[in-house]
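With mmCIF, C-alpha atoms and all ligand atoms inside, this is query07.cif:
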data_model
#
loop_
_atom_site.label_atom_id
_atom_site.label_comp_id
_atom_site.auth_asym_id
_atom_site.auth_seq_id
_atom_site.Cartn_x
_atom_site.Cartn_y
_atom_site.Cartn_z
CA MET L 1 -196.42 57.01 -120.14
CA ARG L 2 -193.91 54.31 -119.37
CA GLU L 3 -196.46 51.83 -120.62
CA CYS L 4 -196.23 52.92 -124.22
CA ASN L 5 -197.28 49.52 -125.50
CA LYS L 6 -200.72 49.81 -124.02
CA HIS L 7 -201.37 52.77 -126.27
CA ILE L 8 -200.35 51.26 -129.59
CA GLN L 9 -203.90 51.26 -130.99
CA GLU L 10 -204.22 54.95 -130.13
CA ILE L 11 -200.88 55.62 -131.76
CA ALA L 12 -202.07 53.87 -134.92
CA ASP L 13 -205.34 55.85 -134.85
CA TYR L 14 -203.31 58.99 -134.36
CA ILE L 15 -201.23 58.21 -137.45
CA ASP L 16 -204.35 57.58 -139.50
CA GLY L 17 -205.95 60.81 -138.30
CA GLU L 18 -208.71 58.99 -136.48
CA LEU L 19 -208.07 60.09 -132.93
CA ASP L 20 -209.95 62.84 -131.00
CA ALA L 21 -208.12 66.15 -130.75
CA LYS L 22 -207.71 65.79 -126.99
CA LEU L 23 -206.03 62.40 -127.23
CA CYS L 24 -203.92 63.65 -130.15
CA ASP L 25 -202.49 66.33 -127.85
CA ASP L 26 -201.67 63.68 -125.24
CA ILE L 27 -199.90 61.54 -127.82
CA GLU L 28 -197.98 64.49 -129.21
CA ASP L 29 -196.84 65.46 -125.72
CA HIS L 30 -195.67 61.92 -125.13
CA LEU L 31 -193.86 61.72 -128.45
CA LYS L 32 -191.70 64.72 -127.54
CA GLY L 33 -190.08 62.72 -124.79
CA CYS L 34 -190.16 59.14 -126.09
CA LYS L 35 -187.83 58.19 -128.90
CA ASN L 36 -189.14 54.66 -129.35
CA CYS L 37 -192.70 55.88 -129.81
CA ARG L 38 -191.44 58.45 -132.31
CA LEU L 39 -189.69 55.69 -134.22
CA MET L 40 -192.80 53.53 -134.01
CA VAL L 41 -194.92 56.35 -135.45
CA ASP L 42 -192.40 57.00 -138.21
CA THR L 43 -191.95 53.37 -139.25
CA LEU L 44 -195.66 52.50 -139.04
CA LYS L 45 -196.37 55.52 -141.22
CA GLN L 46 -193.71 54.48 -143.70
CA THR L 47 -194.98 50.90 -143.77
CA VAL L 48 -198.26 52.12 -145.25
CA ILE L 49 -196.59 54.66 -147.53
CA LEU L 50 -194.30 51.97 -148.95
CA CYS L 51 -197.34 49.76 -149.58
CA LYS L 52 -199.12 52.55 -151.42
CA ASP L 53 -195.99 53.25 -153.50
CA GLY L 54 -196.14 49.83 -155.12
CA GLU L 55 -197.86 49.92 -158.47
CA LYS L 56 -201.03 47.99 -159.06
CA GLU L 57 -200.90 45.38 -161.77
CA GLU L 58 -203.02 45.72 -164.84
CA LEU L 59 -205.43 42.87 -165.39
CA PRO L 60 -204.08 41.00 -168.45
CA GLU L 61 -206.36 41.27 -171.48
CA SER L 62 -206.55 37.47 -171.85
CA ILE L 63 -207.88 37.06 -168.30
CA SER L 64 -210.28 39.93 -168.76
CA SER L 65 -211.87 38.48 -171.88
CA LYS L 66 -212.08 35.02 -170.30
CA LEU L 67 -213.79 36.62 -167.34
CA ASN L 68 -216.30 38.46 -169.50
CA GLU L 69 -217.19 35.28 -171.34
CA ALA L 70 -217.72 33.30 -168.15
CA ILE L 71 -219.86 36.05 -166.65
CA LYS L 72 -221.96 36.39 -169.78
CA LYS L 73 -222.66 32.67 -169.79
CA ARG L 74 -223.70 32.73 -166.15
CA TRP L 75 -225.83 35.82 -166.77
CA GLU L 76 -227.71 34.16 -169.62
CA LYS L 77 -228.37 31.14 -167.45
CA LYS L 78 -229.90 33.40 -164.84
CA PHE L 79 -231.68 36.06 -166.86
CA GLY L 80 -231.91 34.62 -170.34
CA LYS L 81 -230.15 36.28 -173.31
CA ALA L 82 -227.91 39.14 -172.22
CA MET P 1 -225.46 56.93 -163.99
CA ASN P 2 -224.36 56.38 -160.40
CA GLU P 3 -223.49 53.03 -158.90
CA LYS P 4 -226.81 52.57 -157.12
CA GLU P 5 -228.71 53.01 -160.37
CA LEU P 6 -226.38 50.63 -162.16
CA VAL P 7 -226.95 47.99 -159.50
CA LYS P 8 -230.73 48.45 -159.73
CA LYS P 9 -230.61 47.99 -163.50
CA ALA P 10 -228.34 44.98 -163.20
CA GLN P 11 -230.75 43.45 -160.70
CA SER P 12 -233.52 43.68 -163.25
CA GLY P 13 -231.38 41.81 -165.77
CA ASP P 14 -229.59 44.64 -167.61
CA PHE P 15 -226.27 43.12 -168.65
CA GLU P 16 -224.89 46.43 -169.93
CA ALA P 17 -225.25 47.88 -166.45
CA PHE P 18 -223.54 44.88 -164.89
CA SER P 19 -220.71 45.15 -167.43
CA LEU P 20 -220.04 48.70 -166.25
CA LEU P 21 -219.79 47.41 -162.68
CA ILE P 22 -217.37 44.71 -163.81
CA GLU P 23 -215.24 47.36 -165.54
CA LYS P 24 -215.12 49.42 -162.38
CA TYR P 25 -214.10 46.59 -160.05
CA LYS P 26 -212.27 43.92 -162.03
CA ASN P 27 -208.82 45.44 -161.59
CA LYS P 28 -209.37 46.03 -157.88
CA ILE P 29 -210.55 42.48 -157.26
CA TYR P 30 -207.68 41.07 -159.32
CA ASN P 31 -205.13 43.04 -157.30
CA LEU P 32 -206.77 42.06 -154.04
CA GLY P 33 -206.52 38.39 -155.03
CA LEU P 34 -202.94 38.84 -156.14
CA LYS P 35 -201.94 40.45 -152.85
CA LEU P 36 -203.73 37.85 -150.75
CA SER P 37 -202.53 34.80 -152.63
CA GLY P 38 -199.24 35.98 -154.12
CA ASP P 39 -200.11 33.90 -157.16
CA ARG P 40 -201.43 34.92 -160.59
CA HIS P 41 -203.46 31.75 -161.19
CA ASP P 42 -205.08 32.02 -157.79
CA ALA P 43 -205.83 35.68 -158.44
CA GLU P 44 -207.53 34.73 -161.71
CA ASP P 45 -209.64 32.10 -159.94
CA ILE P 46 -210.57 34.51 -157.17
CA LEU P 47 -211.56 37.13 -159.72
CA GLN P 48 -213.78 34.74 -161.66
CA ASP P 49 -215.34 33.18 -158.54
CA THR P 50 -216.14 36.61 -157.17
CA PHE P 51 -218.00 37.84 -160.23
CA LEU P 52 -219.85 34.58 -160.86
CA LYS P 53 -221.06 34.61 -157.25
CA ALA P 54 -222.02 38.25 -157.71
CA VAL P 55 -224.19 37.25 -160.68
CA ASP P 56 -225.77 34.41 -158.72
CA ASN P 57 -226.55 36.62 -155.75
CA ILE P 58 -227.15 40.02 -157.31
CA ASP P 59 -230.83 39.98 -156.31
CA LYS P 60 -229.80 39.44 -152.68
CA PHE P 61 -227.82 42.66 -152.59
CA ARG P 62 -229.99 45.08 -150.56
CA GLY P 63 -227.80 48.13 -150.58
CA GLU P 64 -227.04 48.09 -146.84
CA SER P 65 -223.40 48.44 -147.75
CA THR P 66 -221.91 49.84 -150.94
CA PHE P 67 -221.71 47.51 -153.91
CA GLY P 68 -217.90 47.58 -153.61
CA THR P 69 -217.97 46.46 -149.98
CA TRP P 70 -220.38 43.68 -150.90
CA LEU P 71 -218.10 42.54 -153.72
CA TYR P 72 -215.01 42.61 -151.51
CA ALA P 73 -216.82 40.43 -148.99
CA ILE P 74 -217.46 37.86 -151.74
CA ALA P 75 -213.82 38.06 -152.83
CA VAL P 76 -212.53 37.53 -149.29
CA ASN P 77 -214.72 34.44 -149.01
CA ALA P 78 -213.44 33.17 -152.35
CA VAL P 79 -209.89 33.52 -151.06
CA ARG P 80 -210.80 31.73 -147.87
CA ALA P 81 -212.31 28.83 -149.80
CA LEU P 82 -209.23 28.59 -151.99
CA HIS P 83 -206.81 28.73 -149.09
CA GLN P 84 -208.63 26.45 -146.71
CA SER P 85 -206.14 23.68 -147.18
CA ARG P 86 -203.14 26.00 -146.96
CA LYS P 87 -201.95 26.55 -143.42
CA LYS P 88 -200.29 29.86 -142.81
CA ALA P 89 -198.45 30.72 -139.62
CA GLU P 90 -200.60 32.65 -137.15
CA LEU P 91 -199.39 36.16 -136.31
CA ARG P 92 -198.08 36.81 -132.82
CA PRO P 93 -200.10 38.87 -130.32
CA ILE P 94 -199.76 42.64 -130.75
CA GLU P 95 -197.54 43.09 -127.63
CA GLU P 96 -194.89 40.87 -129.14
CA TYR P 97 -194.38 43.22 -132.05
CA LEU P 98 -193.66 46.09 -129.67
CA PRO P 99 -190.25 47.12 -128.37
CA SER P 100 -190.54 46.08 -124.74
CA GLY P 101 -192.52 42.95 -125.41
CA HIS P 102 -190.18 40.75 -123.42
CA GLY P 103 -188.77 43.06 -120.83
CA SER P 104 -190.14 46.23 -119.36
CA GLY P 105 -189.06 49.68 -118.39
CA ASP P 106 -185.38 50.40 -118.61
CA ASP P 107 -184.23 47.40 -120.60
CA THR P 108 -186.52 48.37 -123.48
CA LYS P 109 -184.73 47.75 -126.74
CA GLU P 110 -184.47 50.73 -129.02
CA LEU P 111 -186.14 50.44 -132.38
CA PHE P 112 -184.09 50.47 -135.56
CA GLU P 113 -184.23 53.78 -137.42
CA TRP P 114 -185.11 53.34 -141.06
CA GLY P 115 -183.89 56.59 -142.52
CA ASP P 116 -184.83 56.57 -146.18
CA PRO P 117 -185.81 53.02 -147.18
CA HIS P 118 -185.35 53.87 -150.84
CA GLU P 119 -181.62 54.27 -150.19
CA LEU P 120 -181.48 50.72 -148.89
CA LEU P 121 -183.72 48.90 -151.31
CA GLU P 122 -184.92 49.41 -154.85
CA GLN P 123 -188.62 49.90 -155.43
CA LYS P 124 -188.91 46.46 -156.99
CA GLU P 125 -187.24 44.74 -154.04
CA LEU P 126 -189.39 46.70 -151.62
CA LYS P 127 -192.54 45.60 -153.39
CA LYS P 128 -191.40 41.98 -153.25
CA VAL P 129 -190.72 42.10 -149.50
CA ILE P 130 -194.19 43.57 -148.92
CA ASP P 131 -195.97 41.21 -151.30
CA ASP P 132 -194.26 38.13 -149.83
CA ALA P 133 -194.97 39.18 -146.27
CA LEU P 134 -198.65 39.77 -147.03
CA ALA P 135 -199.02 36.51 -148.93
CA GLU P 136 -197.50 34.61 -145.99
CA MET P 137 -199.94 36.08 -143.49
CA PRO P 138 -203.27 34.41 -142.68
CA ASP P 139 -206.02 36.10 -144.74
CA LYS P 140 -207.84 37.24 -141.65
CA TYR P 141 -205.05 39.79 -141.13
CA SER P 142 -203.86 40.52 -144.64
CA ALA P 143 -207.35 41.01 -146.07
CA PRO P 144 -208.39 43.81 -143.70
CA PHE P 145 -204.99 45.47 -144.06
CA ILE P 146 -205.15 45.38 -147.85
CA LEU P 147 -208.73 46.61 -147.98
CA ARG P 148 -207.86 49.48 -145.64
CA TYR P 149 -204.62 50.72 -147.17
CA PHE P 150 -204.52 49.45 -150.75
CA GLU P 151 -208.22 49.86 -151.52
CA ASP P 152 -208.65 52.83 -149.19
CA LEU P 153 -211.79 51.50 -147.52
CA SER P 154 -212.81 53.09 -144.23
CA VAL P 155 -212.45 50.97 -141.09
CA LYS P 156 -216.24 50.62 -141.03
CA GLU P 157 -216.29 49.34 -144.61
CA VAL P 158 -213.50 46.88 -143.84
CA ALA P 159 -215.46 45.67 -140.82
CA ASP P 160 -218.56 45.23 -143.01
CA SER P 161 -216.74 43.30 -145.72
CA MET P 162 -215.12 41.00 -143.21
CA HIS P 163 -218.21 40.63 -141.01
CA LEU P 164 -216.28 41.96 -138.03
CA SER P 165 -216.90 44.57 -135.36
CA VAL P 166 -215.07 47.85 -135.91
CA ALA P 167 -212.82 47.12 -132.92
CA ALA P 168 -211.89 43.67 -134.25
CA ALA P 169 -211.21 45.05 -137.73
CA LYS P 170 -208.98 47.75 -136.26
CA SER P 171 -207.06 45.27 -134.20
CA ARG P 172 -206.44 42.94 -137.16
CA ILE P 173 -205.36 45.82 -139.37
CA LEU P 174 -202.90 46.89 -136.68
CA ARG P 175 -201.54 43.39 -136.20
CA ALA P 176 -200.86 43.05 -139.91
CA ARG P 177 -199.29 46.49 -139.97
CA LEU P 178 -196.99 45.67 -137.05
CA ALA P 179 -195.96 42.34 -138.56
CA LEU P 180 -195.19 44.02 -141.86
CA ARG P 181 -193.31 46.82 -140.09
CA GLU P 182 -191.19 44.25 -138.31
CA ARG P 183 -190.41 42.36 -141.51
CA LEU P 184 -189.41 45.56 -143.31
CA SER P 185 -187.30 46.59 -140.33
CA GLU P 186 -185.40 43.28 -140.42
CA VAL P 187 -184.71 43.66 -144.10
CA PHE P 188 -183.57 47.27 -143.75
CA LYS P 189 -181.32 46.42 -140.81
CA GLU P 190 -179.71 43.63 -142.78
CA LYS P 191 -179.14 45.91 -145.77
CA ALA P 192 -177.73 48.68 -143.59
CA ASN P 193 -175.31 46.24 -141.96
CA GLU P 194 -174.12 44.99 -145.33
CA ARG P 195 -173.12 48.53 -146.18
CA VAL P 196 -170.92 49.12 -143.19
ZN ZN O 201 -193.49 55.96 -125.65
#
Produce structure tokens that represent the structure in this file.
Ligand SMILES: [Zn+2]
Amino acid sequence: MRECNKHIQEIADYIDGELDAKLCDDIEDHLKGCKNCRLMVDTLKQTVILCKDGEKEELPESISSKLNEAIKKRWEKKFGKA
Amino acid sequence: MNEKELVKKAQSGDFEAFSLLIEKYKNKIYNLGLKLSGDRHDAEDILQDTFLKAVDNIDKFRGESTFGTWLYAIAVNAVRALHQSRKKAELRPIEEYLPSGHGSGDDTKELFEWGDPHELLEQKELKKVIDDALAEMPDKYSAPFILRYFEDLSVKEVADSMHLSVAAAKSRILRARLALRERLSEVFKEKANERV
């Protein structure tokens, strides 16, 4: 598969475990002999792992209580007393 | 009580039920806004807009998608409205993020090997590179990517929230992923060169 680039969506599906078994075998065969595709798989995988590593921020209490107030007001306008 | 029951109760005017839904999703929506805008004030606006619109339209929710998917769709629209005036650079076509994008065959450039990124950058710096890159991207790419990998939605759910076909959602997720991969690769290469 000299035309590796044409298969990038399949490679991404393969990484995410969303590719049929048959195509997975094809990709794995190809990876054995193609360093760039191996590097692409590794770095695309890591890109998502690094994203998931980052901590989520906690919603600050002040914003949360402001939010609740605004929602309650809107709710009462729509449904009457909450 | 499961989510469907909570939504039903909320639709009939039960504020307690709606409050439980807010509790479940407020942090997620806040983080989504933060990632898409890169700005705390914007994230606060997006959060508030999303839930107020959810109140206004709660009776229109028919349960074709999950409540979460429906809420994310509102949030993505809120971001779009907020960012309408802000032009962000369009991403390049997928081929141009790939190694032989400009040549073919034997003159293919070899990709840079990352090794262990944590040896090159601290966690905090890594997070900043990722956050900045996502905030710079047009929402139509960053939103599907974030929903897929930060919020762990399925591709189908991403497609539903963004009103896209599954194929289009996949392609946008991939484009964002490739752009982010390239940015990280540049940063790692730079860091590695500084060390030598
Ligand atoms: Zn290859």
Selection: 7 Å around range 172-189 of chain P, only C-alpha atoms, excl. self and same-chain fewer than 5 positions, as a short mmCIF file (atom, residue, chain, number, x, y, z; two decimals) with C-alpha atoms, in the coordinates of the input:
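Output (part20.cif):
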data_model
loop_
_atom_site.label_atom_id
_atom_site.label_comp_id
_atom_site.auth_asym_id
_atom_site.auth_seq_id
_atom_site.Cartn_x
_atom_site.Cartn_y
_atom_site.Cartn_z
CA THR L 43 -191.95 53.37 -139.25
CA LEU L 44 -195.66 52.50 -139.04
CA THR L 47 -194.98 50.90 -143.77
CA ILE P 94 -199.76 42.64 -130.75
CA TYR P 97 -194.38 43.22 -132.05
CA PHE P 112 -184.09 50.47 -135.56
CA TRP P 114 -185.11 53.34 -141.06
CA LEU P 120 -181.48 50.72 -148.89
CA ALA P 133 -194.97 39.18 -146.27
CA TYR P 141 -205.05 39.79 -141.13
CA SER P 142 -203.86 40.52 -144.64
CA PRO P 144 -208.39 43.81 -143.70
CA PHE P 145 -204.99 45.47 -144.06
#
Checklist entry - Neighbours of ligand ZN 201 (chain O) within 9 Å, counting only C-alpha atoms and all ligand atoms, as a list in words? => result Met1, Arg2, Glu3, Cys4, Asn5, His7, Ile27, His30, Leu31, Gly33, Cys34, Lys35, Asn36, Cys37, Arg38 and Met40 of chain L
Checklist entry - Which one is closest to Thr66 in chain P: P:Ala192, P:Ala143, P:Ser154, P:Lys4? Count only C-alpha atoms. => result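 Using only C-alpha atoms, Thr66 in chain P sits closest to P:Lys4.
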Item to check | Nearest to chain L by atom-to-atom distance, counting only C-alpha atoms, from P:Ala17, P:Arg86, P:Glu3, P:Val55 | outcome: P:Val55
Next on the checklist: Which residues are close to Leu20 in chain P, i.e. within 10 Å by all atoms listed in the file, leaving aside same-chain residues fewer than 3 positions away? Reply as a PyMOL selection string.
Outcome noted: chain P and resi 3+6-7+10+15-17+23-25
